[in-house]
Structure formats: C-alpha cells, structure tokens
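Presented below is the structure to which this report refers.
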Amino acid sequence: MEDLYRENIIEHYKNPSYRGKLDPHDISFADNNPLCGDHIQIDLRVDKEGKVSEARFDGHGCAISQASADLLLESVIGKSIEDVKKLTRQDILDMLGIDLGPVRMKCALLSLKVLKAGVYGLGEATDELVE
Amino acid sequence: MLDVEKIRADFPALSREVHPGVRLVYLDSTATSQKPDSVIEAMNTFYRRNNANVHRGVHTLAEEATSLFEQAREKIARFINAANPREIVYTRNTTEAINLVAHTWARKNLQAGDLILLTEMEHHSNLVPWYMVANERNLRLEFIPITPDGLLDLESFEKLLELKPKLVAFAHMSNVLGTINPASEIIEKAHQIGAITVMDAAQSVSHLRVDVQSLGVDFMAFSAHKMCGPTGVGALYGKLALLESIPPFLGGGEMIKEVKFGSFTPNDVPHKFEAGTPAIAEAIGFGAAVDYLNGVGMEAVAAHEHTIIEYALDRLEEIPGVKVLGPKADKKGAIAAFTFDGIHPHDVAAILDRDGIAVRAGHHCAQPLHNKMGIPASTRASFYLYSTREEVDALVNGIYKVKQVFS
Ligand SMILES: Cc1ncc(COP(=O)(O)O)c(C=O)c1O
C-alpha cells in the first residue's frame with residue numbers, strides 16, 4: 001500500500017513555509033471543498049515582470065490538502081503567471097509523490113483550483129481548472 | 001442474545017481483506033450497511049429466473065415478477081406495521097421519498113407565509129427539499145434547536161409550535177449525533193396544533209422496531225440500503241387518506257389510469273407515485289432484507305447495538321483528545337462521531353484505513369449541524385448487528401496510531 005502519510009507530507013503539513021496572508025497582495029482567492037469542509041485562501045504578490053514574488057495560503061483542512069498547498073506555493077515562487085496557469089493535476093501528484101483515489105484527489109487539488117481561479121481572475125473555482 | 005459470529009457469516013463482504021493480510025473492520029453502516037447472502041441471492045434469482053417488467057404483462061414471467069414485487073411491498077408494510085401495503089410507495093431512497101412529499105403535499109397545501117418546522121440536526125435530504133419549496137412558495141422555515149448534549153430542545157419546540165407550523169419534519173435518529181428523538185411526543189404535539197409530520201427514518205428503521213400506527217406519523221421516509229438491502233430502492237410510508245389527497249409526483253407510464261390526447265387520469269395509490277419501470281430486483285431485495293431482519297429480530301438487533309455503543313463510548317472516551325459528539329449511550333443509537341485533537345477527520349479515516357478500518361470523515365451531509373457545533377467535520381464510526389467488541393478495540397488501537405503519525 002502506498003503511504004499517503006510519508007514524512008515529507010507530514011512535515012509540510014506540520015511546519016508549512018508558506019502559511020499566512022499577504023496584505024497588500026495582487027491576487028487573492030478562496031474556496032472550500034464542500035465534501036470535507038476544507039477551506040483554502042491563497043494570496044500572491046506579482047513583480048514587475050509578471051512573476052510571482054511572494055505567496056501564502058491560509059485555511060484549514062487535512063494533511064493532504066494543506067501539504068499540497070505548501071508544496072504548490074513553494075513551486076510557484078519565481079514563476080510567471082502564464083506558467084502558473086499551465087499547472088496541472090499531474091504537477092500536484094508529482095510534488096506529492098503519491099497516487100490518490102478520487103476522494104483524496106479533491107483534497108490534493110483544492111489549492112491548485114484556488115490558485116488557478118485567482119490567476120485567471122475568475123468568479124469561482126471550478127473543477128475544470130484542474131482536469 | 002444475538003450470535004454475532006453466525007450473523008457475520010451471512011455477510012460475505014465482512015470476511016474480505018482490504019489490503020493483503022488486513023481484514024475489513026466495517027464501521028460505516030450508517031452510510032450504508034453490508035448485505036447478507038439472502039438479499040444478494042434474492043436479486044440474483046430474480047434476474048436469473050423471473051426477470052420481466054412488472055404490471056400490465058400477462059405472461060408467466062410478468063406475473064411472477066409482479067407478485068414478487070408486490071409481496072416485497074407487503075413485507076415492508078408489515079415490518080413498520082403499516083395498516084395497508086398501499087401505504088408503501090417505492091422510491092429510490094429516503095431523499096426521493098422526502099422530495100415526493102415536498103413536491104406534492106407541500107405544493108398543494110402550503111401558501112406564502114406558511115411555516116415549516118425542521119430541526120438543527122437534519123441530514124441535507126431533510127432540509128434542501130423543504131428549502132426548495134420554501135423558496136418557490138415564499139414559506140418560512142424554523143429549526144428546533146439542539147441542547148449542548150445533542151438532544152432536541154423540547155421546550156423550544158413547544159414555543160415554536162405556537163407559531164403554528166403547517167408541517168414538522170424531523171429525523172427519528174440523527175446520523176451524526178446518534179440521538180434518538182422522542183418521535184411519539186413530537187408527532188403528538190405537532191398533531192395537537194394541526195401540523196402534518198414527516199419523519200426521516202433512514203437511521204431508525206434499520207436499528208429499532210418502528211411502528212407507524214402507534215406513532216401516528218403522517219409520512220415516513222427510509223432507504224433499503226441502510227437496512228441490509230440494496231441501493232436504488234427506498235420507501236415513503238404515507239397514511240392512505242393523505243396519499244390519496246395529493247397529486248402525483250413524476251409523470252409517465254404506470255402512474256396513470258388513462259391517457260388521452262392532452263389529458264390523463266392518475267392511477268390509484270401507490271402506483272400514481274411510481275412512474276416508469278421501478279427498481280424491481282432491488283424492491284425484491286428490499287423484501288429479502290426485511291425477512292432477514294425479522295429473522296434476527298429487531299429487538300435483538302437493538303439490544304446488541306446498545307451493548308456495542310456503550311462499550312465504544314467507554315473506550316473512545318479513554319483516549320486523550322477524543323471528543324464524541326451527541327448524547328450518552330442511553331439516548332442514542334450505535335453511532336459515534338468524534339473529533340480528535342485537531343487532527344482532520346480525513347487524516348484519521350485515511351490512517352485507520354491502513355488497518356482495514358472503514359469509518360467516514362466529513363460533515364456527513366449535516367453541514368448546518370457541524371456549523372452549529374463549531375467544527376468543519378468529524379470522524380464517524382457506526383455499528384450494526386454484525387459489529388463486535390473486537391472491532392471497537394481495533395478502532396481504539398487505530399486512533400492511537402493516528403496520534404503517532406502526527407506526533
Ligand atoms: C438521517 C438520514 N436521512 C437521510 C439520508 C439519506 O438517505 P439516502 O441517501 O438513502 O436518500 C441519510 C443517509 O445518509 C440519513 O442518515
């Protein structure tokens with residue numbers, strides 16, 4: 001059986017590097033996973049060249065959702081907004097280094113959904129963003 | 001006393017392994033129960049031998065299928081002591097049964113400003129159908145509050161009755177707190193002010209003897225899949241006169257007596273609510289589930305579950321950081337939803353799954369209740385006639401392991 005609770009995931013969950021809020025920020029978006037009541041807000045600062053200079057997430061949820069958010073934000077620092085738009089579900093799975101069933105997949109993808117809704121400037125975060 | 005080992009042998013899924021060498025510990029019967037061989041066989045036999053569409057046909061298989069389908073209705077009626085099998089309407093599940101009442105009885109009888117009284121511990125399926133008619137018809141909604149120990153606040157209920165609700169809809173047993181609500185008292189008081197009562201019995205019919213005539217309830221909804229039966233079929237019980245007084249639900253075949261160009265005459269109760277080809281094999285499986293439970297005896301089921309929940313609450317409360325939601329064992333069914341030390345229920349459930357322990361994590365379709373308790377979600381272990389003390393022990397050991405992962 002693959003272990004969802006490997007040390008690096010627990011580590012990102014317990015000691016996240018990107019937890020918090022940014023005020024002021026250039027982009028901010030929040031959404032819930034209604035299935036489990038998880039909530040994630042992501043704030044970004046974008047520099048003059050259109051690259052992410054700072055990122056923070058806030059909210060609550062399971063280890064998978066929170067660790068994915070931390071790993072995701074770590075990966076977007078220095079990326080252009082255009083590259084952030086190109087991130088996929090596979091990128092998240094690669095960062096986590098695990099395979100997930102359909103239910104836990106929603107937990108893992110919540111932060112990506114929120115991030116993409118934010119960078120696209122959408123009114124709501126839909127599942128299509130992470131398909 | 002019930003012979004649990006003998007009962008377990010009737011449920012093939014209970015002996016499977018979840019991971020190599022790891023036996024299933026199924027503590028999620030509140031979501032859906034496992035199924036005994038007799039139910040699986042009844043459906044199998046139908047498809048292998050009697051399969052035909054019900055009603056209308058005159059060939060042998062159609063006659064057999066119709067008899068089996070209607071016999072199952074009679075068994076279900078007897079199981080809840082309905083006065084007449086025609087008071088049992090087949091639906092897909094509890095949710096559809098409640099929607100049926102909301103679409104038909106409520107639309108026919110409620111007008112702008114009328115009040116529907118619900119409770120704070122309802123499952124979404126006993127909330128949203130009412131919200132939908134309320135939005136459409138400008139109805140008002142009130143909620144009977146719960147006390148800090150997870151019981152309905154009956155004093156507030158009496159006050160709310162002074163607002164003269166037209167309908168009172170409540171769960172007999174909460175699927176989160178496990179609370180068994182005082183159904184007789186609620187129904188009697190509601191009737192005193194002339195309200196109609198709708199009881200969500202999804203969690204009670206499977207665990208306790210429920211007698212609709214002695215309760216006097218007007219409508220009652222339940223699902224086969226929570227009581228050893230298959231998914232895809234459930235029932236609405238309704239008093240005959242009430243069912244006869246309300247318009248049909250979905251339109252189509254079987255629900256009509258006569259159709260002309262431009263008009264139709266609805267069929268008799270219960271068929272007027274059963275449009276289209278029903279879940280025939282599942283209805284027959286529902287009947288077999290009722291036979292199975294009757295064979296064990298609902299009193300024995302309830303007594304067994306009571307000893308299990310008492311033991312489970314004792315053991316769970318030993319664990320530092322575990323907080324079980326809802327009342328003590330004497331006021332609840334075999335459901336233990338809990339929070340654990342700020343560890344997210346998804347993580348608790350996923351780590352328990354490593355040991356083959358199946359519990360549910362989330363808000364269990366009762367989001368307003370979780371909001372009221374100030375928690376986003378909980379982990380829920382639930383028990384049934386096949387649950388054992390060893391399974392409770394496995395759960396407790398599993399929770400200690402969860403703690404280790406996060407320490
Ligand atoms: C109290 C209660 N009401 C209603 C339901 C809905 O049942 P179903 O999904 O079978 O319609 C459930 C099951 O989850 C329940 O526990």
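Labels used: A, B, ... for chains in the order of the structure tokens, numbers from 1 for residues in each chain, and numbers from 1 for ligands as shown.
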
Please, which residues have at least one atom within 9 Å of an atom of ligand 1, using only C-alpha atoms and all ligand atoms, listed as a compact mmCIF listing (two decimals) with C-alpha atoms, in the first residue's frame?
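The resulting pocket25.txt:
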# COMPACT_ATOMS: atom_id res chain seq x y z
CA THR B 30 -24.71 4.47 8.86
CA ALA B 31 -23.68 5.40 5.32
CA THR B 32 -24.75 2.01 4.00
CA ARG B 92 -35.20 5.39 -4.99
CA ASN B 93 -34.24 6.25 -1.42
CA THR B 94 -35.06 8.39 1.61
CA THR B 95 -34.11 11.52 -0.27
CA GLU B 96 -36.57 10.87 -3.07
CA ALA B 97 -39.30 10.00 -0.58
CA ILE B 98 -38.90 13.35 1.17
CA MET B 121 -29.77 18.00 13.40
CA GLU B 122 -31.21 17.16 9.99
CA HIS B 123 -29.45 15.47 7.12
CA HIS B 124 -29.35 17.64 3.98
CA SER B 125 -32.01 15.40 2.47
CA ASN B 126 -34.49 16.57 5.08
CA PHE B 170 -37.57 15.62 11.79
CA ALA B 171 -35.12 12.75 11.90
CA HIS B 172 -36.04 9.83 14.14
CA MET B 173 -32.34 9.18 14.65
CA SER B 174 -29.55 11.64 13.86
CA ASN B 175 -26.93 10.25 11.50
CA VAL B 176 -24.20 12.25 13.29
CA ASP B 200 -36.86 10.79 8.30
CA ALA B 201 -36.43 7.20 9.44
CA ALA B 202 -33.32 6.45 7.36
CA GLN B 203 -31.36 5.70 10.52
CA SER B 204 -34.06 4.31 12.76
CA ALA B 221 -39.07 8.00 4.58
CA PHE B 222 -36.42 5.26 4.62
CA SER B 223 -33.86 3.52 2.40
CA ALA B 224 -33.29 -0.20 1.82
CA HIS B 225 -29.53 0.16 1.58
CA LYS B 226 -29.15 1.14 5.23
CA THR B 231 -29.11 0.58 -3.14
CA GLY B 232 -31.56 2.13 -5.58
CA VAL B 233 -34.75 1.50 -3.62
CA GLY B 234 -36.42 3.08 -0.62
CA HIS B 364 -21.95 13.52 6.84
CA CYS B 365 -24.47 15.61 4.90
CA ALA B 366 -25.23 17.61 8.03

I want to know what sits within 12 Å of Gly59 (chain A), based on only C-alpha atoms, with residues of the same chain fewer than 2 positions away left out; could you give that as a PDB file with N, CA, C and O atoms, in the first residue's frame?
ATOM      1  N   TYR A  18       4.754  28.365   3.815  1.00  0.00           N
ATOM      2  CA  TYR A  18       4.005  29.415   3.115  1.00  0.00           C
ATOM      3  C   TYR A  18       2.641  29.687   3.736  1.00  0.00           C
ATOM      4  O   TYR A  18       1.741  30.176   3.079  1.00  0.00           O
ATOM      5  N   ARG A  19       2.486  29.353   5.008  1.00  0.00           N
ATOM      6  CA  ARG A  19       1.196  29.627   5.644  1.00  0.00           C
ATOM      7  C   ARG A  19       1.118  31.096   6.032  1.00  0.00           C
ATOM      8  O   ARG A  19       2.093  31.685   6.461  1.00  0.00           O
ATOM      9  N   GLY A  20      -0.067  31.690   5.833  1.00  0.00           N
ATOM     10  CA  GLY A  20      -0.285  33.063   6.243  1.00  0.00           C
ATOM     11  C   GLY A  20      -1.062  33.828   5.199  1.00  0.00           C
ATOM     12  O   GLY A  20      -1.655  33.243   4.298  1.00  0.00           O
ATOM     13  N   LYS A  21      -1.066  35.156   5.376  1.00  0.00           N
ATOM     14  CA  LYS A  21      -1.777  36.006   4.426  1.00  0.00           C
ATOM     15  C   LYS A  21      -0.832  37.097   3.965  1.00  0.00           C
ATOM     16  O   LYS A  21       0.130  37.412   4.669  1.00  0.00           O
ATOM     17  N   PHE A  29      -7.591  34.641  -3.646  1.00  0.00           N
ATOM     18  CA  PHE A  29      -8.785  33.861  -3.945  1.00  0.00           C
ATOM     19  C   PHE A  29      -8.972  32.820  -2.848  1.00  0.00           C
ATOM     20  O   PHE A  29      -8.002  32.344  -2.260  1.00  0.00           O
ATOM     21  N   ALA A  30     -10.235  32.474  -2.577  1.00  0.00           N
ATOM     22  CA  ALA A  30     -10.508  31.470  -1.542  1.00  0.00           C
ATOM     23  C   ALA A  30     -11.603  30.543  -2.024  1.00  0.00           C
ATOM     24  O   ALA A  30     -12.474  30.944  -2.788  1.00  0.00           O
ATOM     25  N   ASP A  31     -11.532  29.287  -1.577  1.00  0.00           N
ATOM     26  CA  ASP A  31     -12.613  28.354  -1.894  1.00  0.00           C
ATOM     27  C   ASP A  31     -12.647  27.232  -0.850  1.00  0.00           C
ATOM     28  O   ASP A  31     -11.703  27.044  -0.088  1.00  0.00           O
ATOM     29  N   ASN A  32     -13.780  26.513  -0.878  1.00  0.00           N
ATOM     30  CA  ASN A  32     -13.975  25.397   0.047  1.00  0.00           C
ATOM     31  C   ASN A  32     -14.029  24.102  -0.728  1.00  0.00           C
ATOM     32  O   ASN A  32     -14.427  24.080  -1.878  1.00  0.00           O
ATOM     33  N   ASN A  33     -13.691  23.026  -0.063  1.00  0.00           N
ATOM     34  CA  ASN A  33     -14.033  21.708  -0.571  1.00  0.00           C
ATOM     35  C   ASN A  33     -15.259  21.281   0.218  1.00  0.00           C
ATOM     36  O   ASN A  33     -15.154  20.922   1.385  1.00  0.00           O
ATOM     37  N   GLY A  37     -15.397  20.200   4.144  1.00  0.00           N
ATOM     38  CA  GLY A  37     -15.317  21.456   4.868  1.00  0.00           C
ATOM     39  C   GLY A  37     -13.937  22.083   4.857  1.00  0.00           C
ATOM     40  O   GLY A  37     -13.639  22.953   5.662  1.00  0.00           O
ATOM     41  N   ASP A  38     -13.048  21.639   3.946  1.00  0.00           N
ATOM     42  CA  ASP A  38     -11.740  22.276   3.854  1.00  0.00           C
ATOM     43  C   ASP A  38     -11.886  23.662   3.240  1.00  0.00           C
ATOM     44  O   ASP A  38     -12.745  23.893   2.408  1.00  0.00           O
ATOM     45  N   HIS A  39     -10.992  24.549   3.671  1.00  0.00           N
ATOM     46  CA  HIS A  39     -11.052  25.926   3.167  1.00  0.00           C
ATOM     47  C   HIS A  39      -9.633  26.379   2.883  1.00  0.00           C
ATOM     48  O   HIS A  39      -8.754  26.174   3.715  1.00  0.00           O
ATOM     49  N   ILE A  40      -9.424  26.961   1.721  1.00  0.00           N
ATOM     50  CA  ILE A  40      -8.087  27.482   1.425  1.00  0.00           C
ATOM     51  C   ILE A  40      -8.189  28.859   0.792  1.00  0.00           C
ATOM     52  O   ILE A  40      -9.003  29.088  -0.107  1.00  0.00           O
ATOM     53  N   GLN A  41      -7.372  29.774   1.316  1.00  0.00           N
ATOM     54  CA  GLN A  41      -7.230  31.090   0.691  1.00  0.00           C
ATOM     55  C   GLN A  41      -5.788  31.225   0.248  1.00  0.00           C
ATOM     56  O   GLN A  41      -4.870  30.845   0.983  1.00  0.00           O
ATOM     57  N   ILE A  42      -5.589  31.737  -0.945  1.00  0.00           N
ATOM     58  CA  ILE A  42      -4.224  31.945  -1.440  1.00  0.00           C
ATOM     59  C   ILE A  42      -4.049  33.412  -1.820  1.00  0.00           C
ATOM     60  O   ILE A  42      -4.904  33.987  -2.504  1.00  0.00           O
ATOM     61  N   ASP A  43      -2.973  34.018  -1.342  1.00  0.00           N
ATOM     62  CA  ASP A  43      -2.631  35.400  -1.703  1.00  0.00           C
ATOM     63  C   ASP A  43      -1.296  35.385  -2.454  1.00  0.00           C
ATOM     64  O   ASP A  43      -0.376  34.669  -2.055  1.00  0.00           O
ATOM     65  N   ARG A  56       1.235  33.035  -0.163  1.00  0.00           N
ATOM     66  CA  ARG A  56       0.845  32.499   1.143  1.00  0.00           C
ATOM     67  C   ARG A  56      -0.505  31.804   1.008  1.00  0.00           C
ATOM     68  O   ARG A  56      -1.334  32.212   0.196  1.00  0.00           O
ATOM     69  N   PHE A  57      -0.698  30.783   1.837  1.00  0.00           N
ATOM     70  CA  PHE A  57      -2.039  30.177   1.907  1.00  0.00           C
ATOM     71  C   PHE A  57      -2.512  30.169   3.341  1.00  0.00           C
ATOM     72  O   PHE A  57      -1.719  30.132   4.279  1.00  0.00           O
ATOM     73  N   GLY A  61      -7.720  22.216   6.800  1.00  0.00           N
ATOM     74  CA  GLY A  61      -8.045  21.020   6.043  1.00  0.00           C
ATOM     75  C   GLY A  61      -7.143  19.883   6.450  1.00  0.00           C
ATOM     76  O   GLY A  61      -6.368  19.985   7.402  1.00  0.00           O
ATOM     77  N   CYS A  62      -7.247  18.792   5.706  1.00  0.00           N
ATOM     78  CA  CYS A  62      -6.479  17.599   6.046  1.00  0.00           C
ATOM     79  C   CYS A  62      -5.017  17.778   5.648  1.00  0.00           C
ATOM     80  O   CYS A  62      -4.652  18.721   4.955  1.00  0.00           O
ATOM     81  N   ALA A  63      -4.198  16.846   6.077  1.00  0.00           N
ATOM     82  CA  ALA A  63      -2.765  16.920   5.802  1.00  0.00           C
ATOM     83  C   ALA A  63      -2.495  16.980   4.299  1.00  0.00           C
ATOM     84  O   ALA A  63      -1.609  17.701   3.853  1.00  0.00           O
ATOM     85  N   SER A  65      -4.444  18.182   1.850  1.00  0.00           N
ATOM     86  CA  SER A  65      -4.780  19.468   1.244  1.00  0.00           C
ATOM     87  C   SER A  65      -3.806  20.564   1.684  1.00  0.00           C
ATOM     88  O   SER A  65      -3.395  21.401   0.881  1.00  0.00           O
ATOM     89  N   GLN A  66      -3.421  20.532   2.946  1.00  0.00           N
ATOM     90  CA  GLN A  66      -2.536  21.576   3.447  1.00  0.00           C
ATOM     91  C   GLN A  66      -1.101  21.393   2.932  1.00  0.00           C
ATOM     92  O   GLN A  66      -0.441  22.357   2.535  1.00  0.00           O
ATOM     93  N   ALA A  67      -0.642  20.144   2.893  1.00  0.00           N
ATOM     94  CA  ALA A  67       0.711  19.896   2.382  1.00  0.00           C
ATOM     95  C   ALA A  67       0.781  20.217   0.891  1.00  0.00           C
ATOM     96  O   ALA A  67       1.768  20.777   0.414  1.00  0.00           O
ATOM     97  N   ALA A  69      -0.931  22.464  -0.646  1.00  0.00           N
ATOM     98  CA  ALA A  69      -0.920  23.921  -0.786  1.00  0.00           C
ATOM     99  C   ALA A  69       0.493  24.451  -0.554  1.00  0.00           C
ATOM    100  O   ALA A  69       0.993  25.304  -1.304  1.00  0.00           O
ATOM    101  N   ASP A  70       1.153  23.922   0.463  1.00  0.00           N
ATOM    102  CA  ASP A  70       2.502  24.397   0.788  1.00  0.00           C
ATOM    103  C   ASP A  70       3.478  24.058  -0.353  1.00  0.00           C
ATOM    104  O   ASP A  70       4.264  24.902  -0.784  1.00  0.00           O
ATOM    105  N   LEU A 110      -7.435  21.031  -4.229  1.00  0.00           N
ATOM    106  CA  LEU A 110      -8.131  22.255  -3.813  1.00  0.00           C
ATOM    107  C   LEU A 110      -7.244  23.491  -3.982  1.00  0.00           C
ATOM    108  O   LEU A 110      -7.678  24.510  -4.523  1.00  0.00           O
ATOM    109  N   SER A 111      -5.994  23.401  -3.560  1.00  0.00           N
ATOM    110  CA  SER A 111      -5.143  24.597  -3.627  1.00  0.00           C
ATOM    111  C   SER A 111      -4.858  24.988  -5.077  1.00  0.00           C
ATOM    112  O   SER A 111      -4.828  26.174  -5.409  1.00  0.00           O
ATOM    113  N   VAL A 114      -7.888  26.813  -6.397  1.00  0.00           N
ATOM    114  CA  VAL A 114      -7.965  28.172  -5.853  1.00  0.00           C
ATOM    115  C   VAL A 114      -6.925  29.065  -6.544  1.00  0.00           C
ATOM    116  O   VAL A 114      -7.220  30.186  -6.968  1.00  0.00           O
TER     117      VAL A 114
ATOM    118  N   PRO B 376     -15.691  21.916  11.432  1.00  0.00           N
ATOM    119  CA  PRO B 376     -15.941  21.743   9.995  1.00  0.00           C
ATOM    120  C   PRO B 376     -16.339  20.316   9.637  1.00  0.00           C
ATOM    121  O   PRO B 376     -17.049  20.092   8.670  1.00  0.00           O
TER     122      PRO B 376
END

Legend entry - Within 10 Å of chain B: residues of chain A, using only C-alpha atoms, as a list in words: Met1, Glu2, Asp3, Leu4, Tyr5, Arg6, Glu7, Ile10, Glu11, Tyr13, Lys14, Pro34, Leu35, Cys36, Gly37, Asp38, His39, His60, Gly61, Cys62, Ala63, Ile64, Ser65, Val103, Arg104 and Cys107 of chain A

Go ahead and write the selection's residues with N, CA and C atoms as a PDB file, in the first residue's frame.
ATOM      1  N   MET A   1       0.840  -1.202   0.000  1.00  0.00           N
ATOM      2  CA  MET A   1       0.000   0.000   0.000  1.00  0.00           C
ATOM      3  C   MET A   1       0.883   1.264   0.000  1.00  0.00           C
ATOM      4  N   GLU A   2       0.495   2.206  -0.814  1.00  0.00           N
ATOM      5  CA  GLU A   2       1.280   3.427  -0.852  1.00  0.00           C
ATOM      6  C   GLU A   2       0.984   4.282   0.374  1.00  0.00           C
ATOM      7  N   ASP A   3       1.982   4.928   0.862  1.00  0.00           N
ATOM      8  CA  ASP A   3       1.765   5.661   2.092  1.00  0.00           C
ATOM      9  C   ASP A   3       1.529   7.138   1.839  1.00  0.00           C
ATOM     10  N   LEU A   4       0.271   7.524   2.099  1.00  0.00           N
ATOM     11  CA  LEU A   4      -0.091   8.929   1.949  1.00  0.00           C
ATOM     12  C   LEU A   4       0.629   9.794   2.972  1.00  0.00           C
ATOM     13  N   TYR A   5       0.976   9.164   4.071  1.00  0.00           N
ATOM     14  CA  TYR A   5       1.487   9.963   5.193  1.00  0.00           C
ATOM     15  C   TYR A   5       2.992   9.811   5.341  1.00  0.00           C
ATOM     16  N   ARG A   6       3.670   9.983   4.197  1.00  0.00           N
ATOM     17  CA  ARG A   6       5.124   9.935   4.241  1.00  0.00           C
ATOM     18  C   ARG A   6       5.640  11.155   4.970  1.00  0.00           C
ATOM     19  N   GLU A   7       6.893  11.044   5.376  1.00  0.00           N
ATOM     20  CA  GLU A   7       7.419  12.095   6.235  1.00  0.00           C
ATOM     21  C   GLU A   7       7.372  13.496   5.610  1.00  0.00           C
ATOM     22  N   ILE A  10       3.859  14.956   5.981  1.00  0.00           N
ATOM     23  CA  ILE A  10       3.593  15.334   7.368  1.00  0.00           C
ATOM     24  C   ILE A  10       4.400  16.595   7.726  1.00  0.00           C
ATOM     25  N   GLU A  11       5.624  16.670   7.235  1.00  0.00           N
ATOM     26  CA  GLU A  11       6.486  17.813   7.533  1.00  0.00           C
ATOM     27  C   GLU A  11       5.891  19.103   6.957  1.00  0.00           C
ATOM     28  N   TYR A  13       2.864  19.601   6.304  1.00  0.00           N
ATOM     29  CA  TYR A  13       1.605  19.858   6.999  1.00  0.00           C
ATOM     30  C   TYR A  13       1.878  20.520   8.344  1.00  0.00           C
ATOM     31  N   LYS A  14       2.844  19.944   9.086  1.00  0.00           N
ATOM     32  CA  LYS A  14       3.068  20.449  10.446  1.00  0.00           C
ATOM     33  C   LYS A  14       3.843  21.765  10.457  1.00  0.00           C
ATOM     34  N   PRO A  34     -16.435  21.367  -0.402  1.00  0.00           N
ATOM     35  CA  PRO A  34     -17.665  21.157   0.365  1.00  0.00           C
ATOM     36  C   PRO A  34     -17.755  19.747   0.933  1.00  0.00           C
ATOM     37  N   LEU A  35     -17.030  18.824   0.347  1.00  0.00           N
ATOM     38  CA  LEU A  35     -17.061  17.437   0.788  1.00  0.00           C
ATOM     39  C   LEU A  35     -16.578  17.286   2.222  1.00  0.00           C
ATOM     40  N   CYS A  36     -15.568  18.050   2.579  1.00  0.00           N
ATOM     41  CA  CYS A  36     -14.972  17.822   3.893  1.00  0.00           C
ATOM     42  C   CYS A  36     -14.811  19.115   4.667  1.00  0.00           C
ATOM     43  N   GLY A  37     -15.397  20.200   4.144  1.00  0.00           N
ATOM     44  CA  GLY A  37     -15.317  21.456   4.868  1.00  0.00           C
ATOM     45  C   GLY A  37     -13.937  22.083   4.857  1.00  0.00           C
ATOM     46  N   ASP A  38     -13.048  21.639   3.946  1.00  0.00           N
ATOM     47  CA  ASP A  38     -11.740  22.276   3.854  1.00  0.00           C
ATOM     48  C   ASP A  38     -11.886  23.662   3.240  1.00  0.00           C
ATOM     49  N   HIS A  39     -10.992  24.549   3.671  1.00  0.00           N
ATOM     50  CA  HIS A  39     -11.052  25.926   3.167  1.00  0.00           C
ATOM     51  C   HIS A  39      -9.633  26.379   2.883  1.00  0.00           C
ATOM     52  N   HIS A  60      -7.966  25.759   6.518  1.00  0.00           N
ATOM     53  CA  HIS A  60      -7.835  24.534   7.300  1.00  0.00           C
ATOM     54  C   HIS A  60      -8.231  23.357   6.440  1.00  0.00           C
ATOM     55  N   GLY A  61      -7.720  22.216   6.800  1.00  0.00           N
ATOM     56  CA  GLY A  61      -8.045  21.020   6.043  1.00  0.00           C
ATOM     57  C   GLY A  61      -7.143  19.883   6.450  1.00  0.00           C
ATOM     58  N   CYS A  62      -7.247  18.792   5.706  1.00  0.00           N
ATOM     59  CA  CYS A  62      -6.479  17.599   6.046  1.00  0.00           C
ATOM     60  C   CYS A  62      -5.017  17.778   5.648  1.00  0.00           C
ATOM     61  N   ALA A  63      -4.198  16.846   6.077  1.00  0.00           N
ATOM     62  CA  ALA A  63      -2.765  16.920   5.802  1.00  0.00           C
ATOM     63  C   ALA A  63      -2.495  16.980   4.299  1.00  0.00           C
ATOM     64  N   ILE A  64      -3.275  16.231   3.534  1.00  0.00           N
ATOM     65  CA  ILE A  64      -3.037  16.202   2.087  1.00  0.00           C
ATOM     66  C   ILE A  64      -3.326  17.569   1.469  1.00  0.00           C
ATOM     67  N   SER A  65      -4.444  18.182   1.850  1.00  0.00           N
ATOM     68  CA  SER A  65      -4.780  19.468   1.244  1.00  0.00           C
ATOM     69  C   SER A  65      -3.806  20.564   1.684  1.00  0.00           C
ATOM     70  N   VAL A 103     -11.464  10.478  -4.053  1.00  0.00           N
ATOM     71  CA  VAL A 103     -11.911  11.333  -2.950  1.00  0.00           C
ATOM     72  C   VAL A 103     -10.763  12.204  -2.443  1.00  0.00           C
ATOM     73  N   ARG A 104      -9.626  11.558  -2.174  1.00  0.00           N
ATOM     74  CA  ARG A 104      -8.482  12.333  -1.683  1.00  0.00           C
ATOM     75  C   ARG A 104      -7.930  13.257  -2.760  1.00  0.00           C
ATOM     76  N   CYS A 107      -8.977  16.698  -2.247  1.00  0.00           N
ATOM     77  CA  CYS A 107      -8.230  17.398  -1.201  1.00  0.00           C
ATOM     78  C   CYS A 107      -6.932  17.949  -1.789  1.00  0.00           C
TER      79      CYS A 107
END

Inset, instruction - Could you please write out, as number ranges by chain, every residue of region 166-218 of chain B that DSSP assigns to strand (DSSP E)? - result: B: 167-171, 196-200

Inset, instruction - Provide the CA of Tyr47 (chain B) to CA of Gly295 (chain B) distance in Å, to one decimal place. - result: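 According to the coordinates, CA of Tyr47 (chain B) and CA of Gly295 (chain B) are separated by 24.2 Å.
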
Inset, instruction - Would you please work out which residue, of A:Leu71, A:Val76, A:Ile92, A:Met105, is nearest to Arg45 (chain A) when using only C-alpha atoms? - result: A:Val76

Legend entry - Neighbour list for region 6-11 of chain B as JSON, numbers by chain, cut-off 9 Å, only C-alpha atoms, skip fewer than 6 positions in-chain: {"B": [34, 35, 36, 37, 38, 296, 385, 386, 387]}

Inset, instruction - Tell me which protein, DNA and RNA residues are within 10 Å of Gly333 (chain B), counting only C-alpha atoms, leaving out same-chain ones fewer than 4 positions away, and put them as a count of residues only. - result: 23

Legend entry - For Met95 (chain A), the nearest of the candidates A:Leu112, A:Gly118, A:Leu129, A:Ser68, counting only C-alpha atoms: A:Ser68
